[in-house]
file run03.csv (CSV, C-alpha atoms and all ligand atoms)
chain,number,residue,atom,x,y,z
C,1,MET,CA,21.1,-8.2,6.2
C,2,LYS,CA,17.5,-9.3,6.9
C,3,LYS,CA,15.1,-8.4,4.1
C,4,GLY,CA,12.3,-6.0,4.8
C,5,ARG,CA,8.6,-6.9,4.8
C,6,LEU,CA,6.1,-6.1,2.1
C,7,ILE,CA,3.0,-4.5,3.6
C,8,VAL,CA,-0.2,-3.8,1.5
C,9,ILE,CA,-2.6,-1.2,2.8
C,10,SER,CA,-5.9,-1.0,0.9
C,11,GLY,CA,-9.3,0.5,1.5
C,12,PRO,CA,-11.8,2.6,-0.4
C,13,SER,CA,-11.1,6.1,-1.6
C,14,GLY,CA,-11.8,8.5,1.3
C,15,VAL,CA,-11.1,6.1,4.1
C,16,GLY,CA,-8.0,7.9,5.2
C,17,LYS,CA,-5.3,5.5,3.9
C,18,GLY,CA,-2.9,8.3,3.1
C,19,THR,CA,-3.1,9.8,6.7
C,20,VAL,CA,-2.7,6.4,8.3
C,21,VAL,CA,0.3,5.6,6.1
C,22,LYS,CA,2.0,8.9,6.9
C,23,ALA,CA,1.7,8.3,10.6
C,24,VAL,CA,3.1,4.7,10.2
C,25,LEU,CA,6.0,6.1,8.1
C,26,ALA,CA,6.7,8.8,10.8
C,27,SER,CA,6.8,6.2,13.5
C,28,ASN,CA,9.4,4.0,11.9
C,29,PRO,CA,12.4,5.2,9.9
C,30,LYS,CA,13.0,1.8,8.4
C,31,THR,CA,9.7,2.0,6.5
C,32,TRP,CA,9.4,3.2,2.9
C,33,LEU,CA,6.3,4.1,0.9
C,34,SER,CA,6.4,2.9,-2.7
C,35,VAL,CA,5.7,5.7,-5.2
C,36,SER,CA,3.2,4.4,-7.8
C,37,ALA,CA,3.0,5.3,-11.4
C,38,THR,CA,-0.4,6.5,-12.7
C,39,THR,CA,-2.1,7.8,-15.8
C,40,ARG,CA,-4.6,9.9,-13.9
C,41,PRO,CA,-4.3,13.7,-14.1
C,42,MET,CA,-2.4,15.4,-11.4
C,43,ARG,CA,-4.6,17.1,-8.7
C,44,PRO,CA,-3.9,20.5,-7.3
C,45,GLY,CA,-1.1,20.3,-4.7
C,46,GLU,CA,0.4,17.1,-6.2
C,47,THR,CA,4.0,17.0,-7.5
C,48,ASP,CA,5.3,14.5,-10.1
C,49,GLY,CA,7.5,12.0,-8.4
C,50,VAL,CA,6.1,12.7,-4.9
C,51,GLN,CA,2.6,11.3,-4.6
C,52,TYR,CA,2.9,9.5,-8.0
C,53,ARG,CA,4.9,9.4,-11.1
C,54,PHE,CA,2.4,10.8,-13.6
C,55,ILE,CA,2.9,9.1,-16.9
C,56,SER,CA,1.1,8.7,-20.2
C,57,ARG,CA,-1.0,5.7,-21.0
C,58,GLU,CA,1.4,4.7,-23.7
C,59,ARG,CA,4.4,4.8,-21.3
C,60,PHE,CA,2.4,2.8,-18.7
C,61,GLU,CA,1.6,0.1,-21.3
C,62,GLN,CA,5.3,0.0,-22.3
C,63,MET,CA,6.2,-0.6,-18.6
C,64,ILE,CA,3.5,-3.4,-18.4
C,65,ASP,CA,5.0,-5.1,-21.4
C,66,ALA,CA,8.5,-4.8,-20.0
C,67,GLY,CA,7.4,-6.5,-16.8
C,68,GLN,CA,8.3,-3.4,-14.7
C,69,PHE,CA,5.4,-3.5,-12.3
C,70,LEU,CA,5.0,-5.8,-9.3
C,71,GLU,CA,1.3,-5.2,-9.7
C,72,TYR,CA,-1.0,-2.8,-11.6
C,73,ALA,CA,-4.7,-2.2,-12.0
C,74,CYS,CA,-7.1,-0.1,-13.9
C,75,TYR,CA,-9.1,1.9,-11.4
C,76,VAL,CA,-11.9,4.5,-12.3
C,77,ASP,CA,-10.6,4.5,-16.0
C,78,ASN,CA,-6.9,5.1,-15.1
C,79,TYR,CA,-3.9,2.8,-14.7
C,80,TYR,CA,-2.1,2.6,-11.3
C,81,GLY,CA,1.0,0.4,-10.7
C,82,SER,CA,3.8,-0.3,-8.3
C,83,PRO,CA,7.2,-0.2,-10.0
C,84,LEU,CA,9.1,-3.4,-9.2
C,85,GLU,CA,12.8,-2.3,-9.2
C,86,PRO,CA,12.7,0.3,-6.3
C,87,ILE,CA,10.6,-2.1,-4.2
C,88,GLU,CA,13.1,-4.9,-4.6
C,89,ARG,CA,16.0,-2.6,-3.8
C,90,LYS,CA,14.4,-1.2,-0.6
C,91,LEU,CA,13.4,-4.7,0.6
C,92,ALA,CA,17.0,-5.9,0.1
C,93,ASP,CA,18.2,-2.9,2.1
C,94,GLY,CA,16.1,-4.0,5.0
C,95,PHE,CA,13.2,-1.5,4.6
C,96,ASP,CA,9.6,-2.5,5.3
C,97,VAL,CA,7.9,-1.4,2.0
C,98,LEU,CA,4.4,0.0,2.2
C,99,LEU,CA,2.1,-0.3,-0.9
C,100,GLU,CA,-0.9,1.9,-0.7
C,101,ILE,CA,-3.0,0.3,-3.4
C,102,GLU,CA,-6.5,-0.7,-4.4
C,103,VAL,CA,-7.9,-4.2,-4.1
C,104,GLN,CA,-7.2,-5.7,-7.6
C,105,GLY,CA,-3.5,-4.9,-6.9
C,106,GLY,CA,-3.8,-6.1,-3.3
C,107,LEU,CA,-5.0,-9.5,-4.6
C,108,GLN,CA,-2.2,-9.7,-7.1
C,109,ILE,CA,0.4,-9.2,-4.3
C,110,MET,CA,-1.2,-11.9,-2.1
C,111,GLU,CA,-0.9,-14.3,-4.9
C,112,LYS,CA,2.7,-13.4,-6.0
C,113,ARG,CA,4.1,-12.7,-2.5
C,114,PRO,CA,2.3,-14.8,0.0
C,115,ASP,CA,4.6,-13.5,2.8
C,116,ALA,CA,3.2,-9.9,2.3
C,117,ILE,CA,1.2,-8.6,5.2
C,118,SER,CA,-2.2,-7.2,4.0
C,119,ILE,CA,-4.3,-4.7,5.8
C,120,PHE,CA,-7.7,-3.4,4.7
C,121,LEU,CA,-8.9,-0.1,6.2
C,122,ILE,CA,-12.6,0.5,6.5
C,123,ALA,CA,-14.6,3.6,7.6
C,124,PRO,CA,-16.9,3.1,10.6
C,125,SER,CA,-19.9,3.2,8.3
C,126,PHE,CA,-20.7,3.6,4.6
C,127,ALA,CA,-22.5,6.9,5.3
C,128,GLU,CA,-19.3,8.2,7.1
C,129,LEU,CA,-17.3,7.2,4.0
C,130,ALA,CA,-19.6,9.1,1.7
C,131,ALA,CA,-19.4,12.2,4.0
C,132,ARG,CA,-15.6,12.1,4.0
C,133,LEU,CA,-15.4,11.8,0.2
C,134,ARG,CA,-17.8,14.8,-0.2
C,135,GLY,CA,-15.9,16.8,2.4
C,136,ARG,CA,-12.5,16.1,0.9
C,137,GLY,CA,-12.6,18.8,-1.8
C,138,ASP,CA,-10.0,17.3,-4.0
C,139,THR,CA,-12.3,14.9,-5.8
C,140,ASP,CA,-14.4,16.1,-8.7
C,141,GLY,CA,-18.1,15.9,-7.6
C,142,ALA,CA,-19.0,14.0,-10.7
C,143,VAL,CA,-16.5,11.2,-9.8
C,144,ILE,CA,-17.9,10.7,-6.3
C,145,PRO,CA,-20.8,8.3,-7.1
C,146,LYS,CA,-18.4,6.2,-9.2
C,147,ARG,CA,-15.9,6.1,-6.3
C,148,LEU,CA,-18.7,5.0,-3.8
C,149,GLU,CA,-19.9,2.3,-6.2
C,150,THR,CA,-16.3,1.1,-6.4
C,151,ALA,CA,-16.0,1.2,-2.6
C,152,ARG,CA,-19.0,-1.1,-2.2
C,153,ARG,CA,-17.3,-3.7,-4.5
C,154,GLU,CA,-14.0,-3.2,-2.6
C,155,TYR,CA,-15.6,-4.0,0.7
C,156,GLY,CA,-16.5,-7.4,-0.7
C,157,VAL,CA,-12.8,-8.2,-1.1
C,158,ALA,CA,-11.9,-7.2,2.5
C,159,PRO,CA,-12.3,-10.7,4.0
C,160,GLN,CA,-9.4,-11.9,1.8
C,161,TYR,CA,-7.0,-9.5,3.6
C,162,ASP,CA,-5.0,-10.7,6.7
C,163,TYR,CA,-6.3,-7.8,8.8
C,164,ILE,CA,-9.1,-5.3,8.8
C,165,VAL,CA,-8.7,-2.0,10.7
C,166,VAL,CA,-11.5,0.5,11.3
C,167,ASN,CA,-10.4,4.1,10.8
C,168,ASP,CA,-12.8,5.9,13.2
C,169,ARG,CA,-10.2,7.8,15.3
C,170,LEU,CA,-6.9,8.2,13.4
C,171,GLU,CA,-4.8,7.5,16.6
C,172,ASP,CA,-6.6,4.2,17.1
C,173,ALA,CA,-6.2,3.1,13.5
C,174,VAL,CA,-2.5,4.0,13.5
C,175,SER,CA,-1.9,2.1,16.8
C,176,ASP,CA,-3.8,-0.9,15.4
C,177,VAL,CA,-1.6,-1.0,12.3
C,178,LEU,CA,1.6,-0.7,14.4
C,179,ALA,CA,0.3,-3.5,16.7
C,180,ILE,CA,-0.1,-5.7,13.6
C,181,LEU,CA,3.4,-5.0,12.4
C,182,ARG,CA,4.8,-5.6,15.8
C,183,SER,CA,3.0,-8.9,16.3
C,184,GLU,CA,4.0,-10.0,12.8
C,185,SER,CA,7.7,-9.4,13.8
C,186,LEU,CA,7.2,-11.7,16.8
C,187,ARG,CA,6.0,-14.6,14.8
C,188,ALA,CA,8.0,-17.7,15.7
C,189,GLY,CA,9.7,-17.9,12.3
C,190,ASN,CA,10.8,-14.3,12.4
C,191,GLN,CA,12.1,-14.6,16.0
C,192,LEU,CA,14.0,-17.8,15.2
C,193,GLU,CA,15.6,-16.1,12.2
C,194,LYS,CA,16.7,-13.2,14.4
C,195,LEU,CA,18.1,-15.6,17.0
C,196,LYS,CA,20.1,-17.5,14.3
C,197,GLU,CA,21.5,-14.2,13.1
C,198,ALA,CA,22.5,-13.1,16.6
C,199,ASP,CA,24.2,-16.5,17.2
C,200,SER,CA,26.1,-16.4,13.9
C,201,ASP,CA,27.3,-12.8,14.8
C,202,ALA,CA,28.5,-14.1,18.2
C,203,LEU,CA,30.3,-17.0,16.5
C,204,SER,CA,32.0,-15.0,13.8
C,205,PRO,CA,35.1,-13.0,14.8
C,206,ASP,CA,34.6,-9.2,15.2
C,207,GLU,CA,37.8,-8.0,13.7
S,1,LIG,P1,-6.2,8.3,-6.1
S,1,LIG,O1,-6.5,8.5,-7.5
S,1,LIG,O2,-7.3,8.7,-5.2
S,1,LIG,O3,-4.8,8.8,-5.7
S,1,LIG,O4,-6.1,6.7,-6.0
S,1,LIG,C1,-7.1,5.8,-6.4
S,1,LIG,C2,-6.8,4.4,-5.9
S,1,LIG,O5,-5.7,3.9,-6.5
S,1,LIG,C3,-6.6,4.4,-4.4
S,1,LIG,O6,-7.3,3.3,-3.8
S,1,LIG,C4,-5.1,4.1,-4.3
S,1,LIG,O7,-4.8,3.3,-3.1
S,1,LIG,C5,-4.9,3.2,-5.5
S,1,LIG,N1,-3.5,3.1,-6.0
S,1,LIG,C6,-2.5,4.0,-5.9
S,1,LIG,N2,-1.4,3.5,-6.4
S,1,LIG,C7,-1.7,2.3,-6.8
S,1,LIG,C8,-0.9,1.2,-7.4
S,1,LIG,O8,0.3,1.4,-7.7
S,1,LIG,N3,-1.5,0.1,-7.7
S,1,LIG,C9,-2.8,-0.1,-7.4
S,1,LIG,N4,-3.3,-1.3,-7.7
S,1,LIG,N5,-3.6,0.8,-6.9
S,1,LIG,C10,-3.0,2.0,-6.5
call {"tool": "encode", "arguments": {"input": "run03.csv", "output": "structure tokens"}}
result
Amino acid sequence: MKKGRLIVISGPSGVGKGTVVKAVLASNPKTWLSVSATTRPMRPGETDGVQYRFISRERFEQMIDAGQFLEYACYVDNYYGSPLEPIERKLADGFDVLLEIEVQGGLQIMEKRPDAISIFLIAPSFAELAARLRGRGDTDGAVIPKRLETARREYGVAPQYDYIVVNDRLEDAVSDVLAILRSESLRAGNQLEKLKEADSDALSPDE
């Protein structure tokens, strides 16, 4: 079976990554979102094992030492990481695996997995990003200036991503991401692989 693709989606806090990712997942049943582990406290409405696996700092560090993360980073004083084993399993099962991660992790993936497709989401303006963060209601007010400062640094890394998508209207951002994935699947190398598979199916006896 053809292996799935690894897709990194990054962008500053408040840009709407979660909403775009949900829409991409809904549009393609062969897409799976990696559930990260984190040491940050659970927010109201979150459930352990759904948005994140909420674990202690000690447990996170044990997992780092055991090589159990494909990538991890420290972001606003907490660890976040993508557990390796479920990602490998889903890729082997032919699923496209989405990683919704910040830029330090995104850069690690580009280095380790040069075949990964990387997409950076930006807001139409920095003022709009600040307004979205303030209006979100699930982020402690005291943390907002720190998140905005981090966002400024993150924008500096955007040129290293394969694609930049502006999330102004959600429908447009989603259709841009889907267009990227579609055109990636039409790359000559991918098409030739598919043709080879079809030919070997035709050549091998059915029963
Ligand atoms: P939040 O605390 O708002 O859920 O997430 C903070 C940031 O951490 C977001 O930019 C989110 O994309 C990122 N993040 C979530 N999971 C991971 C992960 O496994 N690895 C990395 N590097 N970043 C992550």
call {"tool": "closest_residue", "arguments": {"input": "run03.csv", "among": "C:Leu98, C:Ala73, C:Leu133, C:Leu192", "to": "ligand LIG 1 (chain S)", "atoms": "only C-alpha atoms and all ligand atoms"}}
result
C:Ala73
call {"tool": "residues_near_ligand", "arguments": {"input": "run03.csv", "ligand": "ligand LIG 1 (chain S)", "cutoff": "7 Å", "atoms": "all atoms listed in the file", "output": "mmCIF file with C-alpha atoms, in the frame of the given file"}}
result
data_model
loop_
_atom_site.group_PDB
_atom_site.id
_atom_site.type_symbol
_atom_site.label_atom_id
_atom_site.label_comp_id
_atom_site.auth_asym_id
_atom_site.auth_seq_id
_atom_site.Cartn_x
_atom_site.Cartn_y
_atom_site.Cartn_z
ATOM 1 C CA SER C 10 -5.900 -1.000 0.900
ATOM 2 C CA GLY C 11 -9.300 0.500 1.500
ATOM 3 C CA PRO C 12 -11.800 2.600 -0.400
ATOM 4 C CA SER C 13 -11.100 6.100 -1.600
ATOM 5 C CA SER C 36 3.200 4.400 -7.800
ATOM 6 C CA ALA C 37 3.000 5.300 -11.400
ATOM 7 C CA ARG C 40 -4.600 9.900 -13.900
ATOM 8 C CA GLU C 71 1.300 -5.200 -9.700
ATOM 9 C CA TYR C 72 -1.000 -2.800 -11.600
ATOM 10 C CA ALA C 73 -4.700 -2.200 -12.000
ATOM 11 C CA TYR C 75 -9.100 1.900 -11.400
ATOM 12 C CA TYR C 80 -2.100 2.600 -11.300
ATOM 13 C CA GLY C 81 1.000 0.400 -10.700
ATOM 14 C CA SER C 82 3.800 -0.300 -8.300
ATOM 15 C CA GLU C 100 -0.900 1.900 -0.700
ATOM 16 C CA ILE C 101 -3.000 0.300 -3.400
ATOM 17 C CA GLU C 102 -6.500 -0.700 -4.400
ATOM 18 C CA VAL C 103 -7.900 -4.200 -4.100
ATOM 19 C CA GLN C 104 -7.200 -5.700 -7.600
ATOM 20 C CA GLY C 105 -3.500 -4.900 -6.900
ATOM 21 C CA GLY C 106 -3.800 -6.100 -3.300
#
call {"tool": "atom_distance", "arguments": {"input": "run03.csv", "atom1": "atom CA of C:Pro159", "atom2": "atom CA of C:Leu25"}}
result
25.2 Å
call {"tool": "atom_distance", "arguments": {"input": "run03.csv", "atom1": "atom CA of C:Pro41", "atom2": "atom CA of C:Gly141"}}
result
15.4 Å
call {"tool": "closest_residue", "arguments": {"input": "run03.csv", "among": "C:Arg5, C:Lys146, C:Arg153, C:Arg59", "to": "C:Ile117", "atoms": "all atoms listed in the file"}}
result
C:Arg5
call {"tool": "closest_residue", "arguments": {"input": "run03.csv", "among": "C:Met42, C:Ile109, C:Ile119, C:Val8", "to": "C:Phe54", "atoms": "all atoms listed in the file"}}
result
C:Met42
call {"tool": "atom_distance", "arguments": {"input": "run03.csv", "atom1": "atom CA of C:Asn167", "atom2": "atom CA of C:Ala123"}}
result
5.3 Å
call {"tool": "residues_around", "arguments": {"input": "run03.csv", "residues": "C:Val177", "least_positions_apart": "6", "cutoff": "9 Å", "atoms": "only C-alpha atoms", "output": "PyMOL selection string"}}
result
chain C and resi 20+24+119+163+165
call {"tool": "decode", "arguments": {"input": "run03.csv", "residues": "stretch 110-143 of chain C", "atoms": "N, CA, C and O atoms", "output": "compact mmCIF listing (two decimals), in the first residue's frame"}}
result
# COMPACT_ATOMS: atom_id res chain seq x y z
N MET C 110 11.12 19.43 8.74
CA MET C 110 11.70 19.68 7.41
C MET C 110 13.08 19.04 7.29
O MET C 110 13.47 18.56 6.25
N GLU C 111 13.81 19.09 8.41
CA GLU C 111 15.16 18.54 8.41
C GLU C 111 15.14 17.01 8.38
O GLU C 111 15.84 16.37 7.60
N LYS C 112 14.26 16.41 9.24
CA LYS C 112 14.24 14.95 9.36
C LYS C 112 13.49 14.28 8.22
O LYS C 112 13.78 13.15 7.88
N ARG C 113 12.44 14.95 7.75
CA ARG C 113 11.58 14.34 6.72
C ARG C 113 11.44 15.32 5.55
O ARG C 113 10.45 16.04 5.44
N PRO C 114 12.46 15.36 4.69
CA PRO C 114 12.40 16.36 3.61
C PRO C 114 11.20 16.19 2.67
O PRO C 114 10.85 17.13 1.96
N ASP C 115 10.56 15.02 2.69
CA ASP C 115 9.38 14.81 1.83
C ASP C 115 8.12 15.44 2.41
O ASP C 115 7.09 15.51 1.74
N ALA C 116 8.17 15.87 3.67
CA ALA C 116 6.96 16.43 4.30
C ALA C 116 6.52 17.69 3.55
O ALA C 116 7.36 18.41 2.99
N ILE C 117 5.22 17.93 3.54
CA ILE C 117 4.69 19.15 2.91
C ILE C 117 4.46 20.14 4.05
O ILE C 117 3.76 19.82 5.02
N SER C 118 5.04 21.34 3.94
CA SER C 118 4.90 22.29 5.05
C SER C 118 4.11 23.52 4.62
O SER C 118 4.37 24.10 3.57
N ILE C 119 3.14 23.86 5.46
CA ILE C 119 2.24 24.99 5.14
C ILE C 119 2.22 25.93 6.34
O ILE C 119 2.01 25.49 7.48
N PHE C 120 2.42 27.21 6.08
CA PHE C 120 2.38 28.21 7.15
C PHE C 120 1.16 29.08 6.96
O PHE C 120 0.96 29.66 5.89
N LEU C 121 0.32 29.14 7.98
CA LEU C 121 -0.90 29.96 7.91
C LEU C 121 -0.62 31.32 8.53
O LEU C 121 -0.08 31.39 9.64
N ILE C 122 -1.02 32.37 7.84
CA ILE C 122 -0.88 33.70 8.44
C ILE C 122 -2.23 34.41 8.47
O ILE C 122 -3.13 34.08 7.69
N ALA C 123 -2.35 35.38 9.37
CA ALA C 123 -3.57 36.21 9.40
C ALA C 123 -3.38 37.32 8.37
O ALA C 123 -2.26 37.62 7.97
N PRO C 124 -4.49 37.94 7.92
CA PRO C 124 -4.35 39.00 6.91
C PRO C 124 -3.49 40.17 7.41
O PRO C 124 -2.88 40.86 6.61
N SER C 125 -3.46 40.40 8.72
CA SER C 125 -2.57 41.44 9.26
C SER C 125 -2.26 41.11 10.71
O SER C 125 -2.96 40.30 11.33
N PHE C 126 -1.25 41.77 11.25
CA PHE C 126 -0.88 41.51 12.63
C PHE C 126 -1.97 42.05 13.58
O PHE C 126 -2.27 41.44 14.61
N ALA C 127 -2.57 43.17 13.20
CA ALA C 127 -3.63 43.76 14.03
C ALA C 127 -4.82 42.78 14.11
O ALA C 127 -5.43 42.60 15.18
N GLU C 128 -5.12 42.13 12.99
CA GLU C 128 -6.22 41.17 12.96
C GLU C 128 -5.89 39.97 13.86
O GLU C 128 -6.75 39.46 14.58
N LEU C 129 -4.63 39.55 13.84
CA LEU C 129 -4.22 38.42 14.69
C LEU C 129 -4.41 38.78 16.16
O LEU C 129 -4.95 37.99 16.94
N ALA C 130 -3.99 39.99 16.54
CA ALA C 130 -4.13 40.43 17.93
C ALA C 130 -5.61 40.45 18.32
O ALA C 130 -5.98 39.99 19.41
N ALA C 131 -6.46 40.93 17.42
CA ALA C 131 -7.89 41.01 17.71
C ALA C 131 -8.48 39.61 17.89
O ALA C 131 -9.28 39.36 18.79
N ARG C 132 -8.05 38.67 17.04
CA ARG C 132 -8.58 37.29 17.14
C ARG C 132 -8.16 36.66 18.47
O ARG C 132 -8.95 35.98 19.11
N LEU C 133 -6.91 36.91 18.88
CA LEU C 133 -6.42 36.32 20.15
C LEU C 133 -7.21 36.88 21.32
O LEU C 133 -7.61 36.14 22.22
N ARG C 134 -7.47 38.20 21.29
CA ARG C 134 -8.20 38.83 22.41
C ARG C 134 -9.63 38.32 22.44
O ARG C 134 -10.21 38.13 23.50
N GLY C 135 -10.20 38.09 21.26
CA GLY C 135 -11.60 37.70 21.19
C GLY C 135 -11.84 36.23 21.46
O GLY C 135 -12.97 35.77 21.55
N ARG C 136 -10.76 35.45 21.57
CA ARG C 136 -10.90 34.00 21.63
C ARG C 136 -11.48 33.52 22.96
O ARG C 136 -12.17 32.52 23.01
N GLY C 137 -11.11 34.21 24.05
CA GLY C 137 -11.72 33.91 25.34
C GLY C 137 -11.17 32.69 26.05
O GLY C 137 -11.47 32.45 27.20
N ASP C 138 -10.36 31.88 25.37
CA ASP C 138 -9.83 30.69 26.05
C ASP C 138 -8.36 30.88 26.41
O ASP C 138 -7.71 29.97 26.88
N THR C 139 -7.84 32.09 26.16
CA THR C 139 -6.44 32.33 26.46
C THR C 139 -6.37 33.38 27.57
O THR C 139 -6.95 34.45 27.45
N ASP C 140 -5.66 33.04 28.62
CA ASP C 140 -5.48 33.93 29.75
C ASP C 140 -4.93 35.28 29.25
O ASP C 140 -3.94 35.32 28.52
N GLY C 141 -5.58 36.39 29.64
CA GLY C 141 -5.20 37.72 29.17
C GLY C 141 -3.72 38.02 29.35
O GLY C 141 -3.09 38.64 28.49
N ALA C 142 -3.16 37.54 30.47
CA ALA C 142 -1.76 37.84 30.77
C ALA C 142 -0.82 37.17 29.78
O ALA C 142 0.31 37.63 29.59
N VAL C 143 -1.28 36.10 29.14
CA VAL C 143 -0.41 35.34 28.23
C VAL C 143 -0.39 35.97 26.84
O VAL C 143 0.53 35.76 26.06
